[in-house]
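The structure appears right after this line, and notes come after that.
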Amino acid sequence: MPARKSTKASTKKTAKKGSRKATRRRSRSKLDFAEISSWREFEDLIADYLREVQKEEKNIIEVRVQPTGVGSDGGRDILVTFRITDSIISFERKWVIQCKFYSAAVSKTHLSTINIPTLIHEYGADGYLLVCKNDVTSKVSEMFENLERECKLRYRYMIWRGSELKSRIQFKPSLIERYFPEHYEFLQRRAK
């Protein structure tokens, strides 16, 4: 009998190892935020993405990214300023960015302590961008639509859901290599 128990235990361990390997292979074949270990790393990814944009967009001549730093951010994780040219003049566009590294959908409760229009005004920004690891509730979508529609000062209110963020960074090899090493390794092996 003891031999059977150890064989069963051995079989269970092997099955668990096999399922972990399969899970790892699945996560490597797709861009997966499970490779991001913390909210700080998620914010760094967003900041680096914004810096990368200048390399591809010919009309963006400068990007200044200012992370919040340590402590309470008051609804602002990143302040980004784009200097843009339209071949006649150059102008600036500034965004207040809030990053939410939540497993569940971001709800209005998560944003309840922030007066978003006041925050935009305080930083002299043109808009507010909410970047989520996953999704937002329908109430948050509705709130942003109402803010966008009713704003007399023409501030912009945008949401990047996790799926949209992935589609934006999937063709940025330097970001994939740095933040998604398992997926990068998968891509390198597939390219050979």
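Quick note on naming: the chains in the structure tokens go A, B, ... in the order shown, residues restart at 1 in each chain, and ligands are numbered from 1 in order of appearance.
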Strand (DSSP E) residues, from DSSP on the backbone, in stretch 82-164 of chain A, as a tab-separated table (two decimals) with C-alpha atoms, in the first residue's frame:
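Saved to selection13.tsv:
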chain	number	residue	atom	x	y	z
A	82	PHE	CA	3.31	66.04	-26.01
A	83	ARG	CA	4.81	68.81	-28.15
A	84	ILE	CA	3.13	68.41	-31.52
A	85	THR	CA	3.63	70.14	-34.85
A	90	SER	CA	3.90	73.57	-32.69
A	91	PHE	CA	1.67	73.24	-29.65
A	92	GLU	CA	1.42	71.20	-26.48
A	93	ARG	CA	-1.15	68.68	-25.38
A	94	LYS	CA	-1.05	67.56	-21.74
A	95	TRP	CA	-2.75	64.53	-20.17
A	96	VAL	CA	-3.31	63.46	-16.58
A	97	ILE	CA	-3.03	59.67	-16.51
A	98	GLN	CA	-4.36	57.33	-13.84
A	99	CYS	CA	-3.25	53.67	-13.97
A	100	LYS	CA	-5.34	50.94	-12.33
A	127	GLY	CA	-7.63	65.56	-20.71
A	128	TYR	CA	-7.71	62.59	-18.38
A	129	LEU	CA	-6.74	59.07	-19.42
A	130	LEU	CA	-7.68	56.07	-17.29
A	131	VAL	CA	-5.49	53.04	-18.13
A	132	CYS	CA	-6.71	49.70	-16.77
A	156	ARG	CA	-11.13	64.97	-23.05
A	157	TYR	CA	-11.96	61.87	-20.99
A	158	MET	CA	-10.52	58.59	-22.28
A	159	ILE	CA	-10.29	54.98	-21.11
A	160	TRP	CA	-7.77	52.39	-22.27
* Selection near A:Glu185, 12 Å with only C-alpha atoms, sequence-local residues under 3 positions removed, as an MDAnalysis selection string -> chainID A and resid 24:25 27:31 173 176:182 188:192
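Atom pair atom CA of A:Arg168 / atom CA of A:Tyr49 has a distance of 8.6 Å (rounded to one decimal).
Compared by their closest atoms to A:Tyr184, and using only C-alpha atoms, the residues A:Asp32, A:Thr109, A:Ser138, A:Thr68 rank with A:Asp32 nearest.
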* Residue contacts of A:Leu153 (12 Å, only C-alpha atoms) excluding same-chain residues fewer than 2 positions away, as a ChimeraX atom specification -> /A:117-118,120-121,124-127,147-151,155-157
Go ahead and write the residues just picked, C-alpha atoms, as a PDB file, in the first residue's frame.
ATOM      1  CA  PRO A 117     -12.344  67.927 -14.052  1.00  0.00           C
ATOM      2  CA  THR A 118     -10.667  69.746 -11.141  1.00  0.00           C
ATOM      3  CA  ILE A 120      -7.339  68.329 -15.209  1.00  0.00           C
ATOM      4  CA  HIS A 121      -7.694  72.042 -14.457  1.00  0.00           C
ATOM      5  CA  GLY A 124      -3.419  72.740 -16.924  1.00  0.00           C
ATOM      6  CA  ALA A 125      -4.089  69.550 -18.876  1.00  0.00           C
ATOM      7  CA  ASP A 126      -6.263  68.871 -21.894  1.00  0.00           C
ATOM      8  CA  GLY A 127      -7.634  65.562 -20.714  1.00  0.00           C
ATOM      9  CA  LEU A 147     -18.023  64.036 -18.709  1.00  0.00           C
ATOM     10  CA  GLU A 148     -16.880  64.152 -22.335  1.00  0.00           C
ATOM     11  CA  ARG A 149     -20.300  65.280 -23.591  1.00  0.00           C
ATOM     12  CA  GLU A 150     -21.069  67.834 -20.874  1.00  0.00           C
ATOM     13  CA  CYS A 151     -17.649  69.443 -20.381  1.00  0.00           C
ATOM     14  CA  TYR A 155     -11.503  68.486 -21.704  1.00  0.00           C
ATOM     15  CA  ARG A 156     -11.126  64.967 -23.054  1.00  0.00           C
ATOM     16  CA  TYR A 157     -11.957  61.869 -20.990  1.00  0.00           C
TER      17      TYR A 157
END
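Between atom CA of A:Gly162 and atom CA of A:Lys133 the interatomic distance comes to 4.6 Å.
Coordinates place atom CA of A:Glu62 at a distance of 13.3 Å from atom CA of A:Asp86.
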